[in-house]
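S.K.: One structure follows; several queries about it will come next.
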Amino acid sequence: MEQQKSFKNIMSMFAALYAILGIIFMLIKSPTANPKDTSVMILGFVALFMFIGIPILAVWYYRNQGYPVTLGKAVKLGVLVGLLGGLFVGIYTYIYFAYINPGAVDEVLEMSKKMLEENDMFTEDMLEKQMAMTKKFFVPMQLIGQIFTGLIYGLIGGLLGGLFFKTPNEDY
């Protein structure tokens, strides 16, 4: 019972850390920033390692609290941290694009349109239809995308944490 309570507390603590850092990252990096810019790419790599590192830290912290860690428990902890943290970041993203700065959606779509026009993949009519459909689904897809990304990062981090910090076989 104590172990389960500790598991939930650690999961909640690291999911909150994931969410807070995710929101700070979104505040630092403008959604309208050019994705080809070097500083944006470096920030993206930092975020990648940070969001995979948080579930690893959660597994490490769980083990350092004196609880045994199996690969399955580590993956479960990592997935739950990533899923819950991604959900909170997704909710913030939804609120940001839907209510705080709805004009950012148009800026992002305009930047995407310019990039597609440079590639000459679509006719003007096809491009307009694509942009109209994308605008309709942009905000909900941001929420879903954050949740899915958190799930993937949590899975990878939990798996790595389980491999690094697995307790040697004992009677659990």
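Ligands are numbered from 1 in the order shown, residues from 1 within each chain, and chains are lettered A, B, ... in the order they appear in the structure tokens.
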Determine, counting only C-alpha atoms, which protein, DNA and RNA residues have an atom within 9 Å of an atom of Ile156 (chain A); residues of the same chain fewer than 3 positions away are not included. Present the result as a list in words.

M.R.: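 Near neighbours after the sequence-gap exclusion: Ile52, Pro55, Ile56, Val75, Gly78, Val79, Leu151, Ile152, Tyr153, Leu159, Leu160 and Gly161 of chain A.
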
S.K.: Give me, as a PyMOL selection string, all polymer residues having an atom no more than 10 Å from region 128-136 of chain A, counting only C-alpha atoms and skipping those fewer than 5 positions away in the same chain.

M.R.: chain A and resi 105-106+108-110+112-113+122-123+141

S.K.: Filtering to N, CA and C atoms, could you give me those residues as a tab-separated table (two decimals), in the first residue's frame?

M.R.:
chain	number	residue	atom	x	y	z
A	105	VAL	N	-2.36	30.87	-34.75
A	105	VAL	CA	-2.74	29.80	-35.68
A	105	VAL	C	-2.59	30.30	-37.12
A	106	ASP	N	-3.08	31.50	-37.38
A	106	ASP	CA	-2.98	32.06	-38.73
A	106	ASP	C	-1.52	32.28	-39.12
A	108	VAL	N	1.11	30.57	-38.02
A	108	VAL	CA	1.71	29.25	-38.27
A	108	VAL	C	1.26	28.73	-39.63
A	109	LEU	N	-0.03	28.87	-39.93
A	109	LEU	CA	-0.54	28.39	-41.21
A	109	LEU	C	0.05	29.19	-42.38
A	110	GLU	N	0.24	30.47	-42.20
A	110	GLU	CA	0.83	31.29	-43.26
A	110	GLU	C	2.27	30.86	-43.52
A	112	SER	N	3.48	27.88	-42.94
A	112	SER	CA	3.39	26.56	-43.59
A	112	SER	C	3.03	26.71	-45.06
A	113	LYS	N	2.13	27.62	-45.35
A	113	LYS	CA	1.71	27.86	-46.74
A	113	LYS	C	2.89	28.33	-47.58
A	122	PHE	N	1.60	21.79	-54.62
A	122	PHE	CA	0.16	21.95	-54.72
A	122	PHE	C	-0.19	23.09	-55.67
A	123	THR	N	-1.35	22.96	-56.31
A	123	THR	CA	-1.87	24.10	-57.06
A	123	THR	C	-2.44	25.09	-56.04
A	141	MET	N	-5.71	19.15	-32.86
A	141	MET	CA	-4.58	18.27	-33.17
A	141	MET	C	-3.36	18.61	-32.33

S.K.: Taking only C-alpha atoms into account, produce a table as CSV in which each residue of region 73-167 of chain A with an atom at most 10 Å from an atom of region 6-19 of chain A appears once, together with its shortest atom pair and the distance in Å to one decimal, ordered by chain and rising number.

M.R.:
residue,atom,partner,partner_atom,distance
A:Lys73,CA,A:Phe7,CA,9.5
A:Lys76,CA,A:Met11,CA,9.7
A:Leu77,CA,A:Met11,CA,6.4
A:Gly78,CA,A:Met11,CA,8.2
A:Val79,CA,A:Met11,CA,9.6
A:Leu80,CA,A:Met11,CA,6.8
A:Val81,CA,A:Ala15,CA,4.5
A:Gly82,CA,A:Ala15,CA,6.6
A:Leu83,CA,A:Ala15,CA,8.0
A:Leu84,CA,A:Ala15,CA,5.7
A:Gly85,CA,A:Ala15,CA,4.4
A:Gly86,CA,A:Ala19,CA,6.7
A:Leu87,CA,A:Ala19,CA,8.1
A:Phe88,CA,A:Ala19,CA,5.7
A:Val89,CA,A:Ala19,CA,5.3
A:Gly90,CA,A:Ala19,CA,8.9
A:Ile91,CA,A:Ala19,CA,9.9
A:Tyr92,CA,A:Ala19,CA,9.0
A:Gly150,CA,A:Tyr18,CA,8.9
A:Gly154,CA,A:Ala15,CA,9.8

S.K.: Just the selected residues (C-alpha atoms), exported as a PDB file, in the first residue's frame, please.

M.R.:
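Below is the file that was written, out-v6.pdb:
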ATOM      1  CA  LYS A  73       7.275  -0.863 -13.376  1.00  0.00           C
ATOM      2  CA  LYS A  76       4.651   2.068 -16.438  1.00  0.00           C
ATOM      3  CA  LEU A  77       6.044   4.995 -14.434  1.00  0.00           C
ATOM      4  CA  GLY A  78       7.608   6.572 -17.520  1.00  0.00           C
ATOM      5  CA  VAL A  79       4.477   6.209 -19.627  1.00  0.00           C
ATOM      6  CA  LEU A  80       2.255   7.648 -16.903  1.00  0.00           C
ATOM      7  CA  VAL A  81       4.610  10.584 -16.306  1.00  0.00           C
ATOM      8  CA  GLY A  82       4.776  11.330 -20.042  1.00  0.00           C
ATOM      9  CA  LEU A  83       1.065  10.820 -20.605  1.00  0.00           C
ATOM     10  CA  LEU A  84      -0.044  12.990 -17.703  1.00  0.00           C
ATOM     11  CA  GLY A  85       2.604  15.650 -18.379  1.00  0.00           C
ATOM     12  CA  GLY A  86       1.717  15.644 -22.086  1.00  0.00           C
ATOM     13  CA  LEU A  87      -1.958  16.005 -21.223  1.00  0.00           C
ATOM     14  CA  PHE A  88      -1.260  19.102 -19.105  1.00  0.00           C
ATOM     15  CA  VAL A  89       0.977  20.620 -21.795  1.00  0.00           C
ATOM     16  CA  GLY A  90      -1.692  19.772 -24.381  1.00  0.00           C
ATOM     17  CA  ILE A  91      -4.380  21.518 -22.340  1.00  0.00           C
ATOM     18  CA  TYR A  92      -2.157  24.585 -22.058  1.00  0.00           C
ATOM     19  CA  GLY A 150       4.293  12.735 -24.052  1.00  0.00           C
ATOM     20  CA  GLY A 154       7.486   8.602 -21.465  1.00  0.00           C
TER      21      GLY A 154
END

S.K.: Taking the DSSP secondary structure from the backbone, can you list the residues of chain A that are alpha helix (DSSP H), as a VMD selection string?

M.R.: chain A and resid 2 to 28 38 to 64 71 to 95 103 to 119 124 to 165

S.K.: Using only C-alpha atoms, can you tell me which of A:Tyr67, A:Gly162, A:Lys29, A:Ala98 comes closest to Ile42 (chain A)?

M.R.: A:Lys29

S.K.: Between CA of Val59 (chain A) and CA of Gly158 (chain A), what is the spacing in Å?

M.R.: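 Interatomic distance, CA of Gly158 (chain A) to CA of Val59 (chain A): 6.9 Å.
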
S.K.: Could you tell me how far CA of Val69 (chain A) sits from CA of Phe164 (chain A), in Å to one decimal place?

M.R.: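 Computed distance, CA of Phe164 (chain A) to CA of Val69 (chain A), equals 10.2 Å.
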
S.K.: Quick one: residues within 10 Å of Asn169 (chain A), only C-alpha atoms counted, chain neighbours fewer than 3 positions away excluded, as JSON, numbers by chain?

M.R.: {"A": [68, 69, 70, 166, 172]}

S.K.: CA of Trp60 (chain A) and CA of Phe165 (chain A) are how many Å apart?

M.R.: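 We find that CA of Trp60 (chain A) and CA of Phe165 (chain A) lie 6.2 Å from each other.
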